[in-house]
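Q: Enclosed is the structure file entry_25.pdb (PDB, C-alpha atoms).
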```
ATOM      1  CA  MET A   1     -19.452  32.220 112.710
ATOM      2  CA  GLU A   2     -21.441  28.964 112.752
ATOM      3  CA  SER A   3     -21.323  28.924 108.961
ATOM      4  CA  LEU A   4     -17.537  29.343 109.042
ATOM      5  CA  LYS A   5     -17.245  26.532 111.570
ATOM      6  CA  GLN A   6     -19.364  24.266 109.345
ATOM      7  CA  GLN A   7     -17.269  25.239 106.339
ATOM      8  CA  ALA A   8     -14.091  24.284 108.202
ATOM      9  CA  LEU A   9     -15.600  20.917 109.145
ATOM     10  CA  ASP A  10     -16.803  20.252 105.590
ATOM     11  CA  TYR A  11     -13.363  21.221 104.257
ATOM     12  CA  THR A  12     -11.669  18.853 106.707
ATOM     13  CA  LEU A  13     -13.990  16.002 105.727
ATOM     14  CA  GLY A  14     -13.424  16.732 102.033
ATOM     15  CA  VAL A  15     -17.098  17.323 101.261
ATOM     16  CA  LEU A  16     -16.860  21.032 100.498
ATOM     17  CA  PRO A  17     -17.408  21.666  96.759
ATOM     18  CA  LYS A  18     -14.309  22.647  94.787
ATOM     19  CA  GLU A  19     -15.256  26.307  94.319
ATOM     20  CA  GLU A  20     -16.084  26.722  97.994
ATOM     21  CA  SER A  21     -12.870  24.921  98.955
ATOM     22  CA  LEU A  22     -10.836  27.402  96.937
ATOM     23  CA  LEU A  23     -12.653  30.325  98.554
ATOM     24  CA  PHE A  24     -12.154  28.798 102.000
ATOM     25  CA  GLU A  25      -8.433  28.316 101.340
ATOM     26  CA  ALA A  26      -8.165  31.958 100.321
ATOM     27  CA  GLN A  27     -10.008  32.951 103.490
ATOM     28  CA  LEU A  28      -7.607  30.846 105.574
ATOM     29  CA  GLU A  29      -4.712  33.034 104.466
ATOM     30  CA  LYS A  30      -6.172  36.160 106.057
ATOM     31  CA  ASP A  31      -8.784  35.097 108.628
ATOM     32  CA  ASP A  32      -7.604  33.940 112.066
ATOM     33  CA  ASP A  33     -11.069  32.622 112.941
ATOM     34  CA  ALA A  34     -11.106  30.406 109.848
ATOM     35  CA  GLN A  35      -7.683  29.049 110.792
ATOM     36  CA  MET A  36      -8.860  28.378 114.362
ATOM     37  CA  TYR A  37     -12.004  26.574 113.172
ATOM     38  CA  LEU A  38      -9.976  24.500 110.735
ATOM     39  CA  VAL A  39      -7.591  23.390 113.476
ATOM     40  CA  GLU A  40     -10.563  22.544 115.722
ATOM     41  CA  ALA A  41     -12.227  20.526 112.944
ATOM     42  CA  GLN A  42      -8.994  18.634 112.245
ATOM     43  CA  GLU A  43      -8.549  17.865 115.941
ATOM     44  CA  ASP A  44     -12.175  16.739 116.259
ATOM     45  CA  CYS A  45     -11.753  14.358 113.321
ATOM     46  CA  ALA A  46      -8.483  13.045 114.745
ATOM     47  CA  ASN A  47     -10.155  12.440 118.113
ATOM     48  CA  LEU A  48     -13.046  10.645 116.416
ATOM     49  CA  SER A  49     -10.605   8.208 114.877
ATOM     50  CA  LEU A  50      -9.405   7.274 118.356
ATOM     51  CA  THR A  51     -12.876   6.173 119.468
ATOM     52  CA  ALA A  52     -13.139   3.290 116.998
ATOM     53  CA  ASN A  53     -11.705  -0.113 117.822
ATOM     54  CA  PRO A  54      -8.847  -1.054 115.520
ATOM     55  CA  ALA A  55      -9.920  -3.503 112.858
ATOM     56  CA  THR A  56      -7.846  -6.337 111.552
ATOM     57  CA  LEU A  57      -8.128  -7.181 107.900
ATOM     58  CA  GLY A  58      -7.860 -10.674 106.599
ATOM     59  CA  ASN A  59      -5.051 -11.956 104.422
ATOM     60  CA  GLU A  60      -7.354 -11.857 101.415
ATOM     61  CA  VAL A  61      -7.685  -8.060 101.650
ATOM     62  CA  ARG A  62      -3.945  -7.658 102.164
ATOM     63  CA  THR A  63      -3.251  -9.831  99.129
ATOM     64  CA  ARG A  64      -5.631  -7.804  96.939
ATOM     65  CA  VAL A  65      -4.071  -4.517  98.062
ATOM     66  CA  MET A  66      -0.558  -5.795  97.454
ATOM     67  CA  GLU A  67      -1.511  -7.082  94.003
ATOM     68  CA  TYR A  68      -3.039  -3.725  93.145
ATOM     69  CA  CYS A  69       0.049  -1.827  94.348
ATOM     70  CA  GLU A  70       2.640  -4.107  92.796
ATOM     71  CA  PRO A  71       3.857  -2.779  89.460
ATOM     72  CA  HIS A  72       3.413  -5.194  86.593
ATOM     73  CA  MET A  73       6.383  -4.480  84.395
ATOM     74  CA  ASP A  74       6.689  -6.146  81.045
ATOM     75  CA  PHE A  75      10.220  -5.744  79.724
ATOM     76  CA  GLU A  76       9.710  -7.879  76.600
ATOM     77  CA  PRO A  77       8.961  -4.945  74.252
ATOM     78  CA  PHE A  78      12.066  -3.147  75.524
ATOM     79  CA  LEU A  79      14.340  -6.180  75.383
ATOM     80  CA  ASN A  80      13.187  -7.108  71.888
ATOM     81  CA  CYS A  81      13.337  -3.637  70.333
ATOM     82  CA  MET A  82      15.694  -2.756  67.466
ATOM     83  CA  GLU A  83      17.941  -0.625  69.674
ATOM     84  CA  MET A  84      18.619  -3.539  72.015
ATOM     85  CA  GLU A  85      19.297  -5.845  69.072
ATOM     86  CA  ARG A  86      21.795  -3.296  67.730
ATOM     87  CA  LEU A  87      23.507  -3.172  71.118
ATOM     88  CA  ARG A  88      23.690  -6.952  71.288
ATOM     89  CA  SER A  89      25.228  -7.184  67.836
ATOM     90  CA  SER A  90      27.785  -4.457  68.682
ATOM     91  CA  PHE A  91      29.361  -6.475  71.483
ATOM     92  CA  SER A  92      31.491  -9.467  70.696
ATOM     93  CA  PRO A  93      31.181 -12.736  72.619
ATOM     94  CA  SER A  94      33.597 -13.077  75.535
ATOM     95  CA  GLU A  95      35.674 -15.750  73.796
ATOM     96  CA  ASN A  96      36.601 -13.217  71.061
ATOM     97  CA  ARG A  97      37.509 -10.425  73.492
ATOM     98  CA  TYR A  98      40.973  -9.592  74.765
ATOM     99  CA  GLN A  99      41.193 -11.062  78.270
ATOM    100  CA  GLY A 100      44.541  -9.576  79.239
ATOM    101  CA  GLY A 101      47.856 -11.285  79.986
ATOM    102  CA  GLY A 102      49.506 -11.301  76.604
ATOM    103  CA  ALA A 103      49.178 -10.516  72.975
ATOM    104  CA  PHE A 104      45.840 -11.278  71.395
ATOM    105  CA  GLY A 105      45.889 -14.281  69.090
ATOM    106  CA  ARG A 106      49.125 -15.861  70.417
ATOM    107  CA  SER A 107      49.114 -19.248  72.062
TER
END
```
For this file, produce the structure as structure tokens.
A:
Amino acid sequence: MESLKQQALDYTLGVLPKEESLLFEAQLEKDDDAQMYLVEAQEDCANLSLTANPATLGNEVRTRVMEYCEPHMDFEPFLNCMEMERLRSSFSPSENRYQGGGAFGRS
């Protein structure tokens, strides 16, 4: 049982090798002890996180994270493609369009 308990802890910490993780997951489906040890390991790890003092990160770290997460979209290739040029040429300027309120072309 100690080996199973260690396996559950390693699985929770994400250090169990891939093959062993798959075997452990299969064991979880049918073994109540494995499920119990996994819950215990998860609770132990959650409790450990409560013992550390919260850290505050500086603005520099926040800025780097935000820059990394922010999508850098470049629309130039899309806006300058042939399809967009065809669309632009298909629409007439507003001064040549019917604006309503009478017959087109009359003054």
Q: Could you pull the residues within 9 Å of A:Glu40, counting all atoms listed in the file, minus those fewer than 5 positions along the same chain, as a PyMOL selection string?
A: chain A and resi 5+8-9+35+45
Q: Give the answer as one residue: which of A:Ala34, A:Leu28, A:Leu87, A:Ala41 has the shortest atom-to-atom distance to A:Gly14, using all atoms listed in the file?
A: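 For A:Gly14, the nearest of the given residues is A:Ala41.
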Q: Taking into account all atoms listed in the file, which residue in the set A:Thr56, A:Pro71, A:Arg86, A:Gln7 is nearest to A:Gln27?
A: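 Using all atoms listed in the file, the shortest distance to A:Gln27 belongs to A:Gln7.
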Q: Counting only C-alpha atoms, figure out which residue out of A:Ser90, A:Glu2, A:Leu79, A:Leu13 gets nearest to A:Glu43.
A: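 The answer is A:Leu13, which sits nearest to A:Glu43.
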Q: Kindly list the centre and edge lengths in Å, rounded to one decimal, for the axis-aligned box that covers all listed atoms of stretch 63-81 of chain A plus 8 Å on each of its six sides, as lines of an AutoDock Vina configuration file.
A:
```
center_x = 4.4
center_y = -5.8
center_z = 84.7
size_x = 36.0
size_y = 24.0
size_z = 44.8
```
Q: Compile the contact shell of A:Glu25 as JSON, numbers by chain: residues with an atom at most 12 Å away, counting all atoms listed in the file, same-chain residues fewer than 2 positions apart removed.
A: {"A": [4, 7, 8, 11, 12, 16, 18, 19, 20, 21, 22, 23, 27, 28, 29, 30, 31, 34, 35, 38]}
Q: Distance atom CA of A:Pro17-atom CA of A:Val39, one decimal place?
A: 19.5 Å
Q: Can you tell me how far atom CA of A:Val61 sits from atom CA of A:Ser49, in Å to one decimal?
A: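 About the pair atom CA of A:Val61 and atom CA of A:Ser49: they are 21.2 Å apart.
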Q: For A:Asp10, which of A:Phe24, A:Asp33, A:Gly100, A:Pro77 is the closest residue, counting all atoms listed in the file?
A: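 For A:Asp10, the nearest of the given residues is A:Phe24.
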Q: Would you work out the distance separating atom CA of A:Arg64 from atom CA of A:Ala52, expressed in Å to one decimal?
A: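 Separating atom CA of A:Arg64 from atom CA of A:Ala52 is a distance of 24.1 Å.
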